Amino acid sequence: MSTRRQDRLLSVLLREDSWMTGPRLADLLGVTPRSIRAYVTALNARVPDGDAVISGAAGYRAGASARAALAAKAGADSTPRARLHGLVRALLDDEAGIDVFDTADRLHVSEATLEADLVRVRSLLEGTRLTLERDRDVVRLRGAERDQRRLLSRLAHDEMDAADFPVDPFRLALAGGAIPPESVAPFKDALVAALGGLGYYVNELAIADVLLHIAIAADRVASGRELEGADRADAADSAMGTVSDAIQRLSREQLGIALGAGDLTHLARLVLTRIVTPGGADLANLARAGLDAEVEAAVRAEVVQASSDYQVDLVDDAFILRLALHVQNLLRRAQEESRARNPLTRSLKAAYPMIFDVAVSVVSGLQERLGLRADDDEIAYVAMHIGGRLERSRRAETLLTATIVCPGYYELHEVLRSRVDHSLGQGIEVVRVITAVDPRESEIDSDLVLSTVPLPAAADRVVLIQPFLTETDVERVQQAAARLRRARRLARLREELSRYFSEDAYVHPLPDTGEEAIIRLLGGRLVDAGLIGEDYIENTIQRERLSSTAFSDALAVPHALQMTAQRTAIAVGVAAGSVAWGSGRVQVVALAAFSEQDRDAFQTVFEQLVEVFGEGDSVQRIVRRGGSFAGFLDELVAVIDG
């Protein structure tokens, strides 16, 4: 029985925090409902109370011991992956090498099993510049210290990526070493304070990865494994020297280790390219940071292009310079074969698919101009820059207008308006205050009406509130505003989708043949209709290779970055269960082909389609009716209409 799928089942239930049916879970995991029942039984057997997963008429949900069940699995983990990583760690720790027979006894496995593990170690080392050397029964790991450290970091990250719950990377990387894992947290606090004192803003999202490198360096130095001397150009850099001094002082104080020049230069470079940016908002600080003119020009060109392609306001000097500095650091990380992990990647991709797509477009252009290579984590950092720039305009788009109706009595209406502005001003703009008891409907042209008295006019927009606004009033107004915004978004979506779907571009059941084959299948329907050319299909596959378009657990929206369709159309495939897509599985694939004339529709269709298919119950309703195009479209419209 697959413990990996058991853990994924538990992780899905913990993330959803609600009841989920067996068929839905089976589709998400790519197994049968019978397997789900078996997984639940096995999960409950891990904990004494047997309530890791609760079963009921509505399906399954995470129980009180769900996290304990994951932890129990981790503590007793003796999987081939764990054994493989333990073997690599033993090779990294012992320069003289390990004895095959002794190691097999220590790991309680046969010699044949250990020999098979060594074959897997050789596969793991491919592309690392590290090799295994064997002299009869002794096996040694050979390669530069820098490459050995990268392997240690990779092992820790692989464990974190494979885990379905948070794990401590420092305990993984420092197991059995000279540096106690619990010493890393005080070091981090002291480092953040020191960098702040030097005038830097610290990227807390990326600091854990740099701390891992620092901890590994200190542990290796304690074992007599130092890096070679510092590069002269780096050593002469004043910022490098200042940060190096801070790291050296804190390493001695917090970890009891004195680092050499090579290690200090390497770690200072990591800090300067991954977790800090110059303090202050003025452009002079960025200029002093040594921004390369070629990088700035490339970023500016791609930002201008993305602004035009997506009809968004990104052209701003301060934004471009800060993004260019980030890209320059990204290039330096790529040269060192290191990466900056982003714990918000998954949530950013699901919550802001359009912003993420703009980031993919920018990164794609920079790939051509600068040879940039970026994974989803790096793209997510670019998306955060873009999202920060667009936040103001996005907020303006969702701002609703409101009329306050409060019969005049002294300054009561003025007090109420002040309270509304203070409590709801982020999402609602008061455009008028009416003090009459019976206002005419023609006087009210706002999105909402906040009234202290019942009103027959504009009843569908009225929210009754108290003259002295209460917290309950604030919550009810916020709920009404959220319903109105959602209704408007979905109304636009319903209007657009009715134009873009067609029965000729509908596939059920969708074959589980992989992303590229599915893209060619769906794209072929649009080619046959004369809406796109073969080049659009190839561009869509290229976009998919940059970053998976599975924006939720149920839906993938493959598309090209170029809007070259004759007219906008969407080819839809619905799986009988689910199909593999990226690192997960989806139930619906909607290949979207946009035309130049429909730029304005891109954001509406893209984001709202992801929103609709992000709701589990809605997905199951739509998929159940997906046996025919008419049933699919009817249920989709019904879900949109609420």
# chains A, B, ... in the order shown; residues from 1 in each chain; ligands from 1

$ select_by_dssp --residues "stretch 325-391 of chain A" --states "alpha helix (DSSP H)" --output "PyMOL selection string"
chain A and resi 325-335+345-351+353-370+376-391

$ atom_distance --atom1 "atom CA of A:Ala66" --atom2 "atom CA of A:Val588"
29.1 Å

$ residues_around --residues "A:Asp447" --least-positions-apart "4" --cutoff "12 Å" --atoms "only C-alpha atoms" --output "list in words"
Thr398, Leu399, Leu400, Thr401, Ala402, Thr403, Ile404, Gly427, Ile428, Glu429, Val430, Val431, Arg432, Ala458, Ala459, Asp460, Arg461, Val462, Val463, Val477, Ala480, Ala481, Ala482, Arg483, Leu484, Arg485 and Arg488 of chain A

$ residues_around --residues "A:Gln620" --least-positions-apart "3" --cutoff "12 Å" --atoms "only C-alpha atoms" --output "PyMOL selection string"
chain A and resi 20-28+553-555+574-578+586-588+612-617+623-626+632+635-636+639

$ residues_around --residues "stretch 339-349 of chain A" --least-positions-apart "4" --cutoff "10 Å" --atoms "only C-alpha atoms" --output "ChimeraX atom specification"
/A:157,204-210,270,273-275,330-335,353-357,374-381,383-384,387,548-552

$ closest_residue --among "A:Arg81, A:Arg150, A:Arg46, A:Arg322" --to "A:Ser65" --atoms "only C-alpha atoms"
A:Arg46

$ atom_distance --atom1 "atom CA of A:Val637" --atom2 "atom CA of A:Leu490"
9.4 Å

$ closest_residue --among "A:Asp189, A:Leu450, A:Leu390, A:Thr242" --to "A:Val315" --atoms "only C-alpha atoms"
A:Leu390

$ residues_around --residues "A:Tyr60" --least-positions-apart "2" --cutoff "10 Å" --atoms "only C-alpha atoms" --output "PyMOL selection string"
chain A and resi 13+18-22+25+36-37+40+53-58+62-63

$ select_by_dssp --residues "stretch 537-594 of chain A" --states "strand (DSSP E)" --output "ChimeraX atom specification"
/A:555-556,569-581,584-593

$ residues_around --residues "A:Val605" --least-positions-apart "4" --cutoff "12 Å" --atoms "only C-alpha atoms" --output "PDB file with N, CA and C atoms, in the first residue's frame"
ATOM      1  N   PRO A 353      -3.818  33.889 -10.562  1.00  0.00           N
ATOM      2  CA  PRO A 353      -3.316  33.251 -11.785  1.00  0.00           C
ATOM      3  C   PRO A 353      -2.911  34.246 -12.865  1.00  0.00           C
ATOM      4  N   MET A 354      -3.646  35.367 -12.988  1.00  0.00           N
ATOM      5  CA  MET A 354      -3.304  36.330 -14.030  1.00  0.00           C
ATOM      6  C   MET A 354      -1.971  37.006 -13.735  1.00  0.00           C
ATOM      7  N   ARG A 489     -18.296  39.573 -11.246  1.00  0.00           N
ATOM      8  CA  ARG A 489     -17.241  38.838 -11.926  1.00  0.00           C
ATOM      9  C   ARG A 489     -17.813  37.648 -12.684  1.00  0.00           C
ATOM     10  N   LEU A 490     -18.697  36.901 -12.035  1.00  0.00           N
ATOM     11  CA  LEU A 490     -19.241  35.705 -12.655  1.00  0.00           C
ATOM     12  C   LEU A 490     -20.207  36.047 -13.784  1.00  0.00           C
ATOM     13  N   ALA A 491     -20.880  37.198 -13.674  1.00  0.00           N
ATOM     14  CA  ALA A 491     -21.751  37.630 -14.773  1.00  0.00           C
ATOM     15  C   ALA A 491     -20.919  37.910 -16.016  1.00  0.00           C
ATOM     16  N   ARG A 492     -19.762  38.549 -15.820  1.00  0.00           N
ATOM     17  CA  ARG A 492     -18.873  38.799 -16.958  1.00  0.00           C
ATOM     18  C   ARG A 492     -18.363  37.480 -17.527  1.00  0.00           C
ATOM     19  N   LEU A 493     -18.035  36.549 -16.632  1.00  0.00           N
ATOM     20  CA  LEU A 493     -17.547  35.253 -17.075  1.00  0.00           C
ATOM     21  C   LEU A 493     -18.617  34.522 -17.878  1.00  0.00           C
ATOM     22  N   ARG A 494     -19.859  34.511 -17.380  1.00  0.00           N
ATOM     23  CA  ARG A 494     -20.953  33.822 -18.073  1.00  0.00           C
ATOM     24  C   ARG A 494     -21.137  34.387 -19.480  1.00  0.00           C
ATOM     25  N   GLU A 495     -21.058  35.701 -19.582  1.00  0.00           N
ATOM     26  CA  GLU A 495     -21.215  36.345 -20.888  1.00  0.00           C
ATOM     27  C   GLU A 495     -20.088  35.945 -21.841  1.00  0.00           C
ATOM     28  N   GLU A 496     -18.844  35.908 -21.315  1.00  0.00           N
ATOM     29  CA  GLU A 496     -17.709  35.580 -22.165  1.00  0.00           C
ATOM     30  C   GLU A 496     -17.733  34.105 -22.572  1.00  0.00           C
ATOM     31  N   LEU A 497     -18.001  33.219 -21.601  1.00  0.00           N
ATOM     32  CA  LEU A 497     -17.922  31.793 -21.889  1.00  0.00           C
ATOM     33  C   LEU A 497     -18.946  31.354 -22.929  1.00  0.00           C
ATOM     34  N   SER A 498     -20.104  31.961 -22.917  1.00  0.00           N
ATOM     35  CA  SER A 498     -21.138  31.590 -23.885  1.00  0.00           C
ATOM     36  C   SER A 498     -20.668  31.838 -25.312  1.00  0.00           C
ATOM     37  N   ARG A 499     -19.719  32.746 -25.485  1.00  0.00           N
ATOM     38  CA  ARG A 499     -19.185  33.053 -26.815  1.00  0.00           C
ATOM     39  C   ARG A 499     -18.015  32.155 -27.188  1.00  0.00           C
ATOM     40  N   TYR A 500     -17.298  31.608 -26.189  1.00  0.00           N
ATOM     41  CA  TYR A 500     -16.022  30.959 -26.462  1.00  0.00           C
ATOM     42  C   TYR A 500     -16.076  29.441 -26.523  1.00  0.00           C
ATOM     43  N   PHE A 501     -17.085  28.812 -25.897  1.00  0.00           N
ATOM     44  CA  PHE A 501     -17.189  27.362 -25.911  1.00  0.00           C
ATOM     45  C   PHE A 501     -17.922  26.884 -27.166  1.00  0.00           C
ATOM     46  N   VAL A 557      -5.229  25.317 -17.235  1.00  0.00           N
ATOM     47  CA  VAL A 557      -5.622  26.232 -18.310  1.00  0.00           C
ATOM     48  C   VAL A 557      -4.408  26.484 -19.209  1.00  0.00           C
ATOM     49  N   THR A 568     -11.184  34.488 -30.010  1.00  0.00           N
ATOM     50  CA  THR A 568     -10.978  33.790 -28.748  1.00  0.00           C
ATOM     51  C   THR A 568     -11.877  32.559 -28.658  1.00  0.00           C
ATOM     52  N   ALA A 569     -11.283  31.437 -28.252  1.00  0.00           N
ATOM     53  CA  ALA A 569     -12.034  30.190 -28.109  1.00  0.00           C
ATOM     54  C   ALA A 569     -11.377  29.338 -27.036  1.00  0.00           C
ATOM     55  N   ILE A 570     -12.185  28.445 -26.447  1.00  0.00           N
ATOM     56  CA  ILE A 570     -11.680  27.554 -25.404  1.00  0.00           C
ATOM     57  C   ILE A 570     -12.078  26.122 -25.740  1.00  0.00           C
ATOM     58  N   ALA A 590      -8.799  23.204 -19.812  1.00  0.00           N
ATOM     59  CA  ALA A 590      -9.402  24.196 -20.697  1.00  0.00           C
ATOM     60  C   ALA A 590      -8.293  24.907 -21.458  1.00  0.00           C
ATOM     61  N   LEU A 591      -8.086  24.518 -22.719  1.00  0.00           N
ATOM     62  CA  LEU A 591      -7.061  25.159 -23.538  1.00  0.00           C
ATOM     63  C   LEU A 591      -7.644  26.458 -24.087  1.00  0.00           C
ATOM     64  N   ALA A 592      -7.078  27.581 -23.640  1.00  0.00           N
ATOM     65  CA  ALA A 592      -7.615  28.891 -24.009  1.00  0.00           C
ATOM     66  C   ALA A 592      -6.757  29.513 -25.103  1.00  0.00           C
ATOM     67  N   ALA A 593      -7.408  29.925 -26.189  1.00  0.00           N
ATOM     68  CA  ALA A 593      -6.731  30.630 -27.279  1.00  0.00           C
ATOM     69  C   ALA A 593      -7.339  32.023 -27.377  1.00  0.00           C
ATOM     70  N   PHE A 594      -6.540  33.041 -27.095  1.00  0.00           N
ATOM     71  CA  PHE A 594      -7.047  34.407 -27.077  1.00  0.00           C
ATOM     72  C   PHE A 594      -6.602  35.160 -28.323  1.00  0.00           C
ATOM     73  N   ASP A 598      -9.405  40.536 -28.071  1.00  0.00           N
ATOM     74  CA  ASP A 598     -10.074  40.205 -26.805  1.00  0.00           C
ATOM     75  C   ASP A 598      -9.138  40.305 -25.612  1.00  0.00           C
ATOM     76  N   ARG A 599      -8.187  41.238 -25.674  1.00  0.00           N
ATOM     77  CA  ARG A 599      -7.267  41.399 -24.549  1.00  0.00           C
ATOM     78  C   ARG A 599      -8.019  41.647 -23.244  1.00  0.00           C
ATOM     79  N   ASP A 600      -9.066  42.462 -23.308  1.00  0.00           N
ATOM     80  CA  ASP A 600      -9.803  42.808 -22.091  1.00  0.00           C
ATOM     81  C   ASP A 600     -10.462  41.590 -21.456  1.00  0.00           C
ATOM     82  N   ALA A 601     -10.774  40.585 -22.284  1.00  0.00           N
ATOM     83  CA  ALA A 601     -11.455  39.394 -21.753  1.00  0.00           C
ATOM     84  C   ALA A 601     -10.492  38.454 -21.055  1.00  0.00           C
ATOM     85  N   LEU A 609     -12.448  31.666 -14.276  1.00  0.00           N
ATOM     86  CA  LEU A 609     -12.526  30.238 -14.537  1.00  0.00           C
ATOM     87  C   LEU A 609     -11.768  29.472 -13.458  1.00  0.00           C
ATOM     88  N   VAL A 610     -10.599  29.981 -13.081  1.00  0.00           N
ATOM     89  CA  VAL A 610      -9.821  29.357 -12.002  1.00  0.00           C
ATOM     90  C   VAL A 610     -10.595  29.419 -10.690  1.00  0.00           C
ATOM     91  N   GLU A 611     -11.284  30.537 -10.451  1.00  0.00           N
ATOM     92  CA  GLU A 611     -12.060  30.661  -9.202  1.00  0.00           C
ATOM     93  C   GLU A 611     -13.185  29.644  -9.152  1.00  0.00           C
ATOM     94  N   VAL A 612     -13.939  29.499 -10.248  1.00  0.00           N
ATOM     95  CA  VAL A 612     -15.057  28.553 -10.275  1.00  0.00           C
ATOM     96  C   VAL A 612     -14.570  27.135 -10.009  1.00  0.00           C
TER      97      VAL A 612
END

$ closest_residue --among "A:Val363, A:Leu546, A:Ala298, A:Val221" --to "A:Ala261" --atoms "only C-alpha atoms"
A:Val221
